[in-house]
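Dropping data.txt in here (compact mmCIF, C-alpha atoms and all ligand atoms):
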# COMPACT_ATOMS: atom_id res chain seq x y z
CA MET P 1 97.10 124.13 78.45
CA TYR P 2 99.08 125.00 81.57
CA VAL P 3 97.81 123.76 84.93
CA LYS P 4 99.33 124.99 88.16
CA ILE P 5 98.83 123.22 91.47
CA SER P 6 99.57 125.88 94.02
CA GLY P 7 100.80 125.73 97.60
CA CYS P 8 100.95 121.97 97.91
CA ARG P 9 103.47 119.92 99.85
CA VAL P 10 105.66 117.32 98.26
CA VAL P 11 107.53 114.64 100.22
CA ASP P 12 111.21 114.30 99.43
CA PRO P 13 112.11 110.58 99.56
CA ARG P 14 115.67 111.36 100.66
CA SER P 15 114.99 113.68 103.58
CA LYS P 16 111.54 112.12 104.22
CA GLU P 17 110.32 115.67 104.81
CA ALA P 18 107.70 117.70 103.01
CA GLU P 19 108.42 121.01 101.36
CA ARG P 20 105.95 123.55 100.07
CA VAL P 21 105.97 123.88 96.30
CA ASP P 22 103.94 124.78 93.26
CA VAL P 23 103.72 122.20 90.49
CA GLY P 24 103.27 123.17 86.85
CA VAL P 25 101.88 120.78 84.23
CA LYS P 26 102.19 121.82 80.60
CA ASP P 27 100.14 119.88 78.04
CA GLY P 28 100.11 116.87 80.36
CA ILE P 29 103.85 116.89 81.08
CA ILE P 30 105.34 117.95 84.43
CA ASP P 31 107.01 121.26 83.68
CA ALA P 32 108.06 122.64 87.07
CA VAL P 33 108.28 121.54 90.70
CA GLY P 34 109.09 124.36 93.09
CA GLU P 35 108.46 127.71 91.52
CA VAL P 36 106.14 128.01 88.52
CA ARG P 37 107.08 130.95 86.29
CA GLU P 38 104.78 130.31 83.36
CA LYS P 39 101.31 131.89 83.34
CA ALA P 40 98.76 129.17 84.10
CA ASP P 41 95.47 128.67 82.26
CA ARG P 42 94.11 126.92 85.30
CA VAL P 43 95.17 127.20 88.93
CA LEU P 44 94.25 124.47 91.42
CA ASP P 45 94.52 125.65 94.99
CA ALA P 46 96.01 122.80 97.01
CA HIS P 47 97.16 124.70 100.10
CA GLY P 48 97.75 122.28 102.93
CA ASP P 49 97.40 119.22 100.69
CA TYR P 50 100.13 116.82 99.61
CA VAL P 51 100.84 116.23 95.97
CA CYS P 52 102.12 112.73 95.20
CA PRO P 53 102.67 110.50 92.23
CA ALA P 54 99.52 108.37 91.74
CA LEU P 55 99.57 105.80 94.53
CA VAL P 56 101.24 102.44 94.00
CA ASP P 57 99.39 99.45 95.45
CA LEU P 58 101.94 96.66 95.80
CA HIS P 59 99.36 93.97 96.57
CA SER P 60 96.05 93.97 94.70
CA HIS P 61 93.89 91.58 92.70
CA VAL P 62 92.72 93.09 89.44
CA TYR P 63 92.22 90.14 87.06
CA HIS P 64 88.66 91.43 86.81
CA LEU P 65 86.10 88.87 85.52
CA GLY P 66 88.89 86.36 84.89
CA THR P 67 89.10 85.34 88.56
CA SER P 68 86.48 85.35 91.31
CA LEU P 69 88.55 87.71 93.43
CA GLY P 70 89.39 90.33 90.78
CA VAL P 71 88.22 93.93 91.12
CA ASP P 72 88.11 96.44 88.26
CA PRO P 73 91.23 98.62 88.53
CA ASP P 74 89.66 101.47 86.56
CA TRP P 75 86.69 101.57 88.93
CA VAL P 76 89.10 101.79 91.87
CA ALA P 77 91.10 104.52 90.11
CA SER P 78 87.94 106.50 89.38
CA ARG P 79 87.28 106.86 93.11
CA TRP P 80 90.66 106.73 94.79
CA GLY P 81 94.23 107.83 94.21
CA THR P 82 95.75 104.53 93.08
CA GLY P 83 97.32 104.69 89.63
CA VAL P 84 99.64 101.68 89.70
CA PHE P 85 98.38 98.22 90.63
CA ALA P 86 100.65 95.26 91.26
CA ASP P 87 98.51 92.16 90.95
CA ALA P 88 99.69 89.58 93.47
CA GLY P 89 99.44 86.22 91.78
CA SER P 90 95.88 86.24 90.42
CA SER P 91 97.30 84.73 87.24
CA GLY P 92 99.82 81.96 86.63
CA ALA P 93 101.64 80.82 83.51
CA GLY P 94 98.48 79.07 82.31
CA ASN P 95 96.26 82.14 82.21
CA PHE P 96 98.55 85.19 82.17
CA ALA P 97 97.82 85.72 78.47
CA GLY P 98 94.15 86.39 79.31
CA PHE P 99 95.11 88.84 82.04
CA LEU P 100 97.38 90.66 79.60
CA GLU P 101 94.88 90.71 76.77
CA HIS P 102 91.70 91.51 78.67
CA VAL P 103 92.87 93.64 81.59
CA ILE P 104 96.45 94.92 81.45
CA ARG P 105 96.23 96.17 77.84
CA ARG P 106 92.72 97.61 78.18
CA SER P 107 93.01 99.34 81.52
CA SER P 108 93.78 103.04 81.78
CA SER P 109 95.70 102.23 84.98
CA LYS P 110 99.24 100.89 85.02
CA ILE P 111 99.22 97.22 85.96
CA TYR P 112 102.13 94.93 86.82
CA ALA P 113 101.94 91.27 87.78
CA PHE P 114 103.58 88.98 90.26
CA LEU P 115 103.08 85.67 88.45
CA ASN P 116 101.76 82.86 90.61
CA ILE P 117 104.04 79.83 90.87
CA GLY P 118 100.78 77.86 90.56
CA PHE P 119 99.93 77.27 86.89
CA GLY P 120 96.35 78.56 87.18
CA GLY P 121 96.88 81.58 89.43
CA ILE P 122 94.24 81.88 92.17
CA PRO P 123 91.18 80.12 90.76
CA PHE P 124 89.36 78.94 93.90
CA PHE P 125 89.22 81.95 96.21
CA GLY P 126 85.75 82.49 97.64
CA MET P 127 84.64 78.99 96.64
CA HIS P 128 81.74 77.76 98.76
CA GLY P 129 83.18 76.00 101.79
CA GLY P 130 86.09 78.39 102.16
CA GLN P 131 89.52 78.27 100.66
CA GLN P 132 90.30 74.64 101.39
CA ALA P 133 91.19 74.02 97.74
CA GLY P 134 94.34 76.09 97.47
CA GLU P 135 95.79 77.04 94.12
CA VAL P 136 98.70 74.63 94.57
CA PRO P 137 97.28 71.52 96.26
CA ASP P 138 100.32 69.49 95.19
CA MET P 139 103.72 70.23 93.68
CA ARG P 140 102.74 69.18 90.16
CA VAL P 141 100.76 72.42 89.89
CA ALA P 142 103.90 74.47 90.62
CA ASP P 143 105.34 74.40 87.12
CA GLU P 144 108.67 76.19 87.50
CA GLU P 145 109.54 75.77 83.84
CA ALA P 146 106.30 77.35 82.63
CA CYS P 147 106.50 80.14 85.24
CA ALA P 148 110.06 81.13 84.31
CA GLY P 149 109.19 80.95 80.58
CA CYS P 150 106.14 83.17 81.03
CA ILE P 151 108.21 85.77 82.91
CA GLU P 152 110.87 85.69 80.20
CA GLY P 153 108.26 86.37 77.53
CA ASN P 154 106.59 89.20 79.45
CA ARG P 155 109.37 91.17 81.14
CA GLU P 156 107.55 94.44 80.56
CA HIS P 157 104.58 93.35 82.69
CA ILE P 158 105.75 90.67 85.14
CA VAL P 159 107.85 91.91 88.05
CA GLY P 160 108.13 88.86 90.30
CA VAL P 161 106.82 85.46 91.42
CA LYS P 162 103.94 85.14 93.89
CA VAL P 163 103.53 82.20 96.19
CA ARG P 164 100.84 81.57 98.79
CA VAL P 165 101.79 79.22 101.56
CA SER P 166 99.46 78.47 104.45
CA GLU P 167 97.44 75.57 105.78
CA ASN P 168 94.34 76.56 103.81
CA ALA P 169 96.28 77.12 100.57
CA ASN P 170 98.46 74.01 100.50
CA GLY P 171 97.74 71.79 103.50
CA ALA P 172 100.95 70.32 104.85
CA MET P 173 103.18 71.29 101.93
CA GLY P 174 104.87 74.04 103.92
CA ALA P 175 107.98 75.82 102.74
CA ASP P 176 108.80 73.50 99.81
CA LEU P 177 106.58 75.65 97.65
CA VAL P 178 108.50 78.78 98.67
CA ARG P 179 111.71 76.98 97.63
CA ALA P 180 110.15 76.21 94.23
CA ALA P 181 109.11 79.84 93.82
CA LYS P 182 112.59 81.02 94.80
CA ARG P 183 114.25 78.71 92.26
CA CYS P 184 111.99 80.07 89.56
CA ALA P 185 112.49 83.70 90.64
CA ARG P 186 116.28 83.28 90.73
CA ARG P 187 116.25 81.87 87.24
CA ALA P 188 114.24 84.83 86.04
CA GLY P 189 116.19 87.38 88.11
CA VAL P 190 113.08 88.75 89.88
CA PRO P 191 111.94 88.86 93.51
CA VAL P 192 109.34 86.63 95.15
CA MET P 193 106.34 87.88 97.08
CA VAL P 194 105.28 85.41 99.78
CA HIS P 195 101.87 85.21 101.37
CA PHE P 196 101.89 83.36 104.68
CA GLY P 197 99.04 82.46 106.99
CA ARG P 198 98.09 79.71 109.37
CA PRO P 199 101.04 77.30 109.58
CA PRO P 200 102.59 75.31 108.13
CA PRO P 201 105.00 76.82 107.31
CA ARG P 202 106.10 78.95 110.25
CA VAL P 203 107.00 82.53 109.34
CA GLU P 204 110.54 82.00 110.71
CA GLU P 205 111.11 79.30 108.10
CA VAL P 206 109.66 81.47 105.31
CA LEU P 207 111.86 84.41 106.31
CA SER P 208 114.97 82.26 106.31
CA LEU P 209 114.43 81.65 102.56
CA LEU P 210 114.05 85.31 101.57
CA GLU P 211 116.79 87.53 100.15
CA ARG P 212 117.23 91.23 99.42
CA GLY P 213 114.29 92.55 97.40
CA ASP P 214 111.98 89.64 98.21
CA ILE P 215 108.66 90.67 99.73
CA LEU P 216 106.85 89.26 102.75
CA THR P 217 103.24 90.35 102.40
CA HIS P 218 100.65 90.24 105.21
CA ALA P 219 103.56 91.32 107.43
CA PHE P 220 101.22 92.41 110.26
CA ARG P 221 98.84 89.48 110.12
CA PRO P 222 97.19 88.35 113.36
CA GLY P 223 98.58 85.38 115.25
CA PRO P 224 99.08 82.51 115.29
CA ASN P 225 102.13 82.70 113.06
CA SER P 226 102.74 86.45 113.10
CA ILE P 227 106.08 88.28 113.19
CA VAL P 228 105.35 89.11 116.84
CA ASP P 229 106.30 86.26 119.17
CA GLU P 230 104.40 85.01 122.23
CA GLY P 231 106.23 87.49 124.44
CA GLY P 232 104.85 90.36 122.32
CA HIS P 233 108.17 91.18 120.63
CA VAL P 234 109.11 91.32 116.97
CA MET P 235 111.00 88.09 116.37
CA ARG P 236 114.72 88.13 115.72
CA GLU P 237 114.23 86.47 112.31
CA ALA P 238 112.15 89.47 111.16
CA TRP P 239 114.83 91.96 112.21
CA ASP P 240 117.48 89.80 110.49
CA ALA P 241 115.42 89.69 107.29
CA ARG P 242 114.94 93.47 107.40
CA ARG P 243 118.70 93.93 107.70
CA ARG P 244 119.15 91.70 104.64
CA GLY P 245 116.82 93.95 102.65
CA VAL P 246 113.62 91.87 102.68
CA VAL P 247 110.59 94.11 102.08
CA PHE P 248 107.83 93.93 104.71
CA ASP P 249 104.54 94.71 103.00
CA LEU P 250 101.28 95.33 104.84
CA GLY P 251 98.87 93.51 102.42
CA HIS P 252 95.68 94.14 104.44
CA GLY P 253 93.15 91.79 102.81
CA SER P 254 90.17 90.12 104.43
CA GLY P 255 92.15 88.32 107.11
CA SER P 256 95.73 89.48 107.09
CA PHE P 257 96.11 92.75 109.02
CA SER P 258 95.70 93.17 112.75
CA TYR P 259 96.00 96.31 114.83
CA ALA P 260 97.37 94.17 117.68
CA THR P 261 100.34 92.97 115.59
CA ALA P 262 100.89 96.44 114.12
CA ARG P 263 100.83 98.10 117.56
CA ALA P 264 103.36 95.61 118.97
CA ALA P 265 105.63 96.06 115.94
CA LEU P 266 105.42 99.87 115.87
CA ALA P 267 106.13 99.98 119.60
CA GLU P 268 109.52 98.44 118.81
CA GLY P 269 110.13 100.64 115.78
CA PHE P 270 109.29 97.95 113.22
CA ARG P 271 107.33 99.78 110.52
CA PRO P 272 106.01 98.31 107.28
CA ASP P 273 108.21 99.20 104.30
CA THR P 274 105.15 99.34 102.07
CA ILE P 275 101.46 99.88 102.74
CA SER P 276 99.23 97.89 100.38
CA THR P 277 95.63 96.77 100.36
CA ASP P 278 95.34 93.18 99.12
CA LEU P 279 92.18 94.63 97.62
CA HIS P 280 89.95 91.92 96.15
CA ALA P 281 86.28 91.10 95.72
CA PHE P 282 86.02 89.75 99.27
CA SER P 283 87.96 92.52 101.03
CA ALA P 284 87.07 95.69 99.11
CA ALA P 285 83.77 96.68 100.75
CA SER P 286 85.13 95.83 104.20
CA PRO P 287 87.55 95.86 105.90
CA VAL P 288 89.95 97.32 103.30
CA VAL P 289 87.98 99.96 101.34
CA SER P 290 91.01 101.66 99.80
CA LEU P 291 94.72 102.33 99.97
CA GLU P 292 93.95 105.72 101.57
CA ALA P 293 91.92 103.99 104.32
CA THR P 294 94.85 101.63 104.94
CA MET P 295 97.16 104.67 105.15
CA THR P 296 94.68 106.26 107.59
CA LYS P 297 95.00 103.22 109.84
CA MET P 298 98.81 103.31 109.92
CA LEU P 299 98.78 107.07 110.50
CA GLY P 300 96.44 106.52 113.43
CA LEU P 301 98.68 103.82 114.87
CA GLY P 302 101.64 106.20 114.93
CA MET P 303 103.34 106.49 111.55
CA GLY P 304 103.97 109.99 110.20
CA VAL P 305 102.15 111.51 107.22
CA GLU P 306 105.36 111.59 105.18
CA GLU P 307 106.06 107.96 106.10
CA VAL P 308 102.65 106.66 105.01
CA ILE P 309 102.92 108.58 101.73
CA LEU P 310 106.36 107.16 100.92
CA ALA P 311 105.13 103.67 101.88
CA ALA P 312 102.39 103.96 99.24
CA THR P 313 104.42 105.62 96.49
CA HIS P 314 108.22 105.72 96.46
CA THR P 315 108.97 102.48 98.32
CA PRO P 316 106.51 100.15 96.51
CA ALA P 317 107.62 101.61 93.15
CA ALA P 318 111.20 100.68 94.06
CA ALA P 319 110.09 97.22 95.23
CA LEU P 320 108.52 96.67 91.79
CA GLY P 321 111.80 97.64 90.16
CA ARG P 322 109.89 100.56 88.60
CA PRO P 323 111.11 103.60 90.59
CA VAL P 324 109.80 105.93 87.87
CA HIS P 325 106.32 105.61 89.41
CA GLY P 326 107.49 106.70 92.83
CA SER P 327 108.46 110.32 92.42
CA ILE P 328 107.52 113.55 90.68
CA ALA P 329 110.04 114.73 88.13
CA VAL P 330 110.11 117.42 85.47
CA GLY P 331 109.72 116.05 81.96
CA ARG P 332 107.56 113.05 82.85
CA PRO P 333 103.89 112.62 81.90
CA ALA P 334 101.77 113.84 84.79
CA ASP P 335 100.07 111.18 86.88
CA LEU P 336 99.50 112.90 90.17
CA VAL P 337 97.11 112.84 93.09
CA THR P 338 96.59 115.34 95.87
CA LEU P 339 95.91 113.97 99.34
CA ARG P 340 94.36 115.78 102.28
CA VAL P 341 94.97 114.78 105.86
CA SER P 342 92.08 116.16 107.83
CA ALA P 343 90.77 115.95 111.36
CA ALA P 344 87.86 113.54 111.24
CA ARG P 345 86.65 110.89 113.61
CA LYS P 346 86.72 107.77 111.50
CA GLU P 347 85.98 104.29 112.81
CA LEU P 348 87.77 101.59 110.85
CA LYS P 349 88.09 97.84 111.39
CA ASP P 350 91.16 95.68 110.92
CA ALA P 351 90.91 92.18 109.43
CA ALA P 352 90.53 90.63 112.90
CA GLY P 353 87.36 92.61 113.59
CA GLU P 354 88.76 95.22 115.99
CA ALA P 355 87.26 98.68 115.43
CA VAL P 356 89.29 101.78 116.25
CA ALA P 357 88.13 105.40 115.99
CA PHE P 358 90.94 107.41 114.41
CA GLU P 359 91.26 111.19 114.71
CA ARG P 360 92.76 111.94 111.29
CA GLU P 361 91.90 110.71 107.85
CA VAL P 362 93.81 110.52 104.54
CA LYS P 363 91.57 111.41 101.61
CA PRO P 364 92.29 111.81 97.91
CA VAL P 365 91.17 115.14 96.46
CA LEU P 366 92.37 115.64 92.88
CA ARG P 367 93.76 113.35 90.21
CA LEU P 368 95.76 114.84 87.35
CA LYS P 369 96.54 112.42 84.58
CA GLY P 370 97.95 113.93 81.44
CA GLU P 371 95.68 116.85 80.67
CA ASP P 372 92.77 115.39 82.56
CA VAL P 373 91.97 116.94 85.96
CA ARG P 374 89.32 115.31 88.14
CA ARG P 375 88.00 115.81 91.64
CA LEU P 376 87.74 112.35 93.16
CA PRO P 377 84.33 111.39 94.55
CA ALA P 378 85.85 110.12 97.79
CA ALA P 379 86.90 113.71 98.49
CA THR P 380 83.33 114.87 98.85
CA GLU P 381 81.90 111.92 100.78
CA PRO P 382 81.33 112.29 104.52
ZN ZN P 401 96.36 88.74 97.91

With the file now loaded, output its structure as structure tokens.
Amino acid sequence: MYVKISGCRVVDPRSKEAERVDVGVKDGIIDAVGEVREKADRVLDAHGDYVCPALVDLHSHVYHLGTSLGVDPDWVASRWGTGVFADAGSSGAGNFAGFLEHVIRRSSSKIYAFLNIGFGGIPFFGMHGGQQAGEVPDMRVADEEACAGCIEGNREHIVGVKVRVSENANGAMGADLVRAAKRCARRAGVPVMVHFGRPPPRVEEVLSLLERGDILTHAFRPGPNSIVDEGGHVMREAWDARRRGVVFDLGHGSGSFSYATARAALAEGFRPDTISTDLHAFSAASPVVSLEATMTKMLGLGMGVEEVILAATHTPAAALGRPVHGSIAVGRPADLVTLRVSAARKELKDAAGEAVAFEREVKPVLRLKGEDVRRLPAATEP
């Protein structure tokens, strides 16, 4: 079976520009990118659309039914263009085996994990009365030994260490927990992903602990404690961290993305390296919806189409240390999505409650996985 996607655009990660190509898929394997010579059994007209590797969501929560915040990755993938989910700390050393057995191995999506420095992952999220019981209420729960051992035993699946530090997660503990996560990550030779929120700790202190390849998620969270200082400028510590190679990830979530912070940062040329959802049971219906909706927001705030595509494919795949997921190459099994950027007035809220009507929308159209070709339902919704 030979499938040809005709007239689509593909973004070159090096030039950051899109070129018009045809893509040929032979028996589920990518056979040609550019000109397709072989006679196709099926031709999919994708003129004007972008063809991308299945989207890579660097911050999601997919320990479905094992944690209160988990969503079903296969349900998400049946509607939207995400094919690779990085779970951000839903599991810790104490319950990673369940995540592996019941979700990672059974899902048709590709799932990687940032292992929580907290032994039990994120067990209390959504608990009645808010999030006052954080997953690491005291340092005894941050078992560095167990965390490093679990990573060592699961290199194929675990790509880094996740740590949540904010007043509601750990009270006054502050940056000590980031130091513990960094010690563990260094031992294992993987990056850390840090969630920050209401202080303590201050974001300046968190940034000072991060090295090349480490990830600051919720990078455009609303103040107080955002990367934009009181004068409305991106703080020096954020620019310094970017120069060191720290990855700034959007991580939308239910409370961690604000148009105000994003506008101030974009005005000074500070773009997110990666666009991710922090999709979970309490953010999925609203305000996040999907990775495409999050891309729509950044497009509307001033990023280019090519930029938002790379920030949801090539760059997060590299941040995971799995660049294979971030590009389209001949000889690889096909896992592709076509995206359409269309004129549509779309009102979307950030996590601070501000609603903005955007003029263009990113929508997934087709998913090609192996020999399976599907039109995604989101493509036909108003
Ligand atoms: Zn999260």

At most 7 Å from ligand ZN 401 (chain P) (only C-alpha atoms and all ligand atoms): residue list as a PDB file with C-alpha atoms, in the frame of the given file:
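Writing the result to pocket-v5.pdb gives the following:
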ATOM      1  CA  HIS P  59      99.360  93.970  96.570  1.00  0.00           C
ATOM      2  CA  SER P  60      96.050  93.970  94.700  1.00  0.00           C
ATOM      3  CA  HIS P  61      93.890  91.580  92.700  1.00  0.00           C
ATOM      4  CA  ALA P  88      99.690  89.580  93.470  1.00  0.00           C
ATOM      5  CA  GLY P 253      93.150  91.790 102.810  1.00  0.00           C
ATOM      6  CA  ASP P 278      95.340  93.180  99.120  1.00  0.00           C
TER       7      ASP P 278
END

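Pairwise distance (CA of Val165 in chain P, CA of Ser208 in chain P) equals 14.3 Å.
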
- prompt: Using only C-alpha atoms, which residues sit within 8 Å of range 113-120 of chain P once same-chain residues fewer than 6 positions away are excluded, as a VMD selection string?
  reply: chain P and resid 86 to 96 135 to 136 141 to 144 146 to 147 151 157 to 163 180 to 181 192 to 193

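Nearest residue to Val365 in chain P among P:Pro377, P:Gly197, P:Gly251, P:Gly7 is P:Pro377, counting only C-alpha atoms.
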
For Gly304 in chain P: contacts at 12 Å, only C-alpha atoms, fewer than 4 positions along chain excluded, given as a ChimeraX atom specification: /P:11,16-18,266,271,295-300,308-311,341,360,362

Pick from P:Val324, P:Leu336, P:Ile104, P:Leu366 nearest to Asp45 in chain P, counting all atoms listed in the file: P:Leu366

Specify the axis-aligned box that encloses all atoms of range 110-127 of chain P listed in the file after padding of 6 Å on each side, stating its centre and edge lengths in Å to one decimal as AutoDock Vina command-line options.
--center_x 94.3 --center_y 89.1 --center_z 91.3 --size_x 31.4 --size_y 35.6 --size_z 24.6

Surrounding residues of Pro364 in chain P excluding itself and chain neighbours under 3 positions, 12 Å, only C-alpha atoms, as a PDB file with C-alpha atoms, keeping the file's coordinate frame:
ATOM      1  CA  ALA P  46      96.010 122.800  97.010  1.00  0.00           C
ATOM      2  CA  ASP P  49      97.400 119.220 100.690  1.00  0.00           C
ATOM      3  CA  TYR P  50     100.130 116.820  99.610  1.00  0.00           C
ATOM      4  CA  VAL P  51     100.840 116.230  95.970  1.00  0.00           C
ATOM      5  CA  CYS P  52     102.120 112.730  95.200  1.00  0.00           C
ATOM      6  CA  PRO P  53     102.670 110.500  92.230  1.00  0.00           C
ATOM      7  CA  ALA P  54      99.520 108.370  91.740  1.00  0.00           C
ATOM      8  CA  LEU P  55      99.570 105.800  94.530  1.00  0.00           C
ATOM      9  CA  ALA P  77      91.100 104.520  90.110  1.00  0.00           C
ATOM     10  CA  SER P  78      87.940 106.500  89.380  1.00  0.00           C
ATOM     11  CA  ARG P  79      87.280 106.860  93.110  1.00  0.00           C
ATOM     12  CA  TRP P  80      90.660 106.730  94.790  1.00  0.00           C
ATOM     13  CA  GLY P  81      94.230 107.830  94.210  1.00  0.00           C
ATOM     14  CA  THR P  82      95.750 104.530  93.080  1.00  0.00           C
ATOM     15  CA  SER P 290      91.010 101.660  99.800  1.00  0.00           C
ATOM     16  CA  LEU P 291      94.720 102.330  99.970  1.00  0.00           C
ATOM     17  CA  GLU P 292      93.950 105.720 101.570  1.00  0.00           C
ATOM     18  CA  ALA P 293      91.920 103.990 104.320  1.00  0.00           C
ATOM     19  CA  MET P 295      97.160 104.670 105.150  1.00  0.00           C
ATOM     20  CA  THR P 296      94.680 106.260 107.590  1.00  0.00           C
ATOM     21  CA  ILE P 309     102.920 108.580 101.730  1.00  0.00           C
ATOM     22  CA  LEU P 336      99.500 112.900  90.170  1.00  0.00           C
ATOM     23  CA  VAL P 337      97.110 112.840  93.090  1.00  0.00           C
ATOM     24  CA  THR P 338      96.590 115.340  95.870  1.00  0.00           C
ATOM     25  CA  LEU P 339      95.910 113.970  99.340  1.00  0.00           C
ATOM     26  CA  ARG P 340      94.360 115.780 102.280  1.00  0.00           C
ATOM     27  CA  VAL P 341      94.970 114.780 105.860  1.00  0.00           C
ATOM     28  CA  SER P 342      92.080 116.160 107.830  1.00  0.00           C
ATOM     29  CA  GLU P 361      91.900 110.710 107.850  1.00  0.00           C
ATOM     30  CA  ARG P 367      93.760 113.350  90.210  1.00  0.00           C
ATOM     31  CA  LEU P 368      95.760 114.840  87.350  1.00  0.00           C
ATOM     32  CA  ARG P 374      89.320 115.310  88.140  1.00  0.00           C
ATOM     33  CA  ARG P 375      88.000 115.810  91.640  1.00  0.00           C
ATOM     34  CA  LEU P 376      87.740 112.350  93.160  1.00  0.00           C
ATOM     35  CA  PRO P 377      84.330 111.390  94.550  1.00  0.00           C
ATOM     36  CA  ALA P 378      85.850 110.120  97.790  1.00  0.00           C
ATOM     37  CA  ALA P 379      86.900 113.710  98.490  1.00  0.00           C
ATOM     38  CA  THR P 380      83.330 114.870  98.850  1.00  0.00           C
ATOM     39  CA  GLU P 381      81.900 111.920 100.780  1.00  0.00           C
TER      40      GLU P 381
END

Save range 53-58 of chain P from what I just supplied, as a PDB file, in the first residue's frame, atoms limited to all heavy atoms.
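Heads up, here's the output in selection-v5.pdb:
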ATOM      1  N   PRO P  53       5.959  15.527  12.093  1.00  0.00           N
ATOM      2  CA  PRO P  53       5.934  14.314  12.911  1.00  0.00           C
ATOM      3  C   PRO P  53       4.817  14.488  13.937  1.00  0.00           C
ATOM      4  O   PRO P  53       4.481  15.626  14.286  1.00  0.00           O
ATOM      5  CB  PRO P  53       7.306  14.308  13.586  1.00  0.00           C
ATOM      6  CG  PRO P  53       7.824  15.695  13.485  1.00  0.00           C
ATOM      7  CD  PRO P  53       7.192  16.310  12.278  1.00  0.00           C
ATOM      8  N   ALA P  54       4.215  13.397  14.405  1.00  0.00           N
ATOM      9  CA  ALA P  54       3.177  13.495  15.441  1.00  0.00           C
ATOM     10  C   ALA P  54       3.701  14.401  16.556  1.00  0.00           C
ATOM     11  O   ALA P  54       4.876  14.337  16.925  1.00  0.00           O
ATOM     12  CB  ALA P  54       2.835  12.116  15.966  1.00  0.00           C
ATOM     13  N   LEU P  55       2.837  15.251  17.088  1.00  0.00           N
ATOM     14  CA  LEU P  55       3.289  16.283  18.020  1.00  0.00           C
ATOM     15  C   LEU P  55       3.831  15.669  19.314  1.00  0.00           C
ATOM     16  O   LEU P  55       3.399  14.599  19.749  1.00  0.00           O
ATOM     17  CB  LEU P  55       2.139  17.242  18.336  1.00  0.00           C
ATOM     18  CG  LEU P  55       1.487  17.920  17.120  1.00  0.00           C
ATOM     19  CD1 LEU P  55       0.365  18.864  17.571  1.00  0.00           C
ATOM     20  CD2 LEU P  55       2.510  18.672  16.270  1.00  0.00           C
ATOM     21  N   VAL P  56       4.788  16.384  19.898  1.00  0.00           N
ATOM     22  CA  VAL P  56       5.466  15.929  21.113  1.00  0.00           C
ATOM     23  C   VAL P  56       5.081  16.870  22.254  1.00  0.00           C
ATOM     24  O   VAL P  56       5.445  18.047  22.227  1.00  0.00           O
ATOM     25  CB  VAL P  56       7.000  15.948  20.917  1.00  0.00           C
ATOM     26  CG1 VAL P  56       7.713  15.467  22.178  1.00  0.00           C
ATOM     27  CG2 VAL P  56       7.416  15.112  19.698  1.00  0.00           C
ATOM     28  N   ASP P  57       4.329  16.357  23.217  1.00  0.00           N
ATOM     29  CA  ASP P  57       3.903  17.189  24.349  1.00  0.00           C
ATOM     30  C   ASP P  57       4.867  16.956  25.511  1.00  0.00           C
ATOM     31  O   ASP P  57       4.841  15.906  26.156  1.00  0.00           O
ATOM     32  CB  ASP P  57       2.465  16.841  24.739  1.00  0.00           C
ATOM     33  CG  ASP P  57       1.848  17.908  25.629  1.00  0.00           C
ATOM     34  OD1 ASP P  57       2.608  18.737  26.187  1.00  0.00           O
ATOM     35  OD2 ASP P  57       0.609  17.916  25.771  1.00  0.00           O
ATOM     36  N   LEU P  58       5.691  17.954  25.770  1.00  0.00           N
ATOM     37  CA  LEU P  58       6.767  17.804  26.757  1.00  0.00           C
ATOM     38  C   LEU P  58       6.264  17.779  28.199  1.00  0.00           C
ATOM     39  O   LEU P  58       6.971  17.338  29.099  1.00  0.00           O
ATOM     40  CB  LEU P  58       7.782  18.946  26.573  1.00  0.00           C
ATOM     41  CG  LEU P  58       9.095  18.866  27.340  1.00  0.00           C
ATOM     42  CD1 LEU P  58       9.922  17.664  26.901  1.00  0.00           C
ATOM     43  CD2 LEU P  58       9.918  20.144  27.157  1.00  0.00           C
TER      44      LEU P  58
END
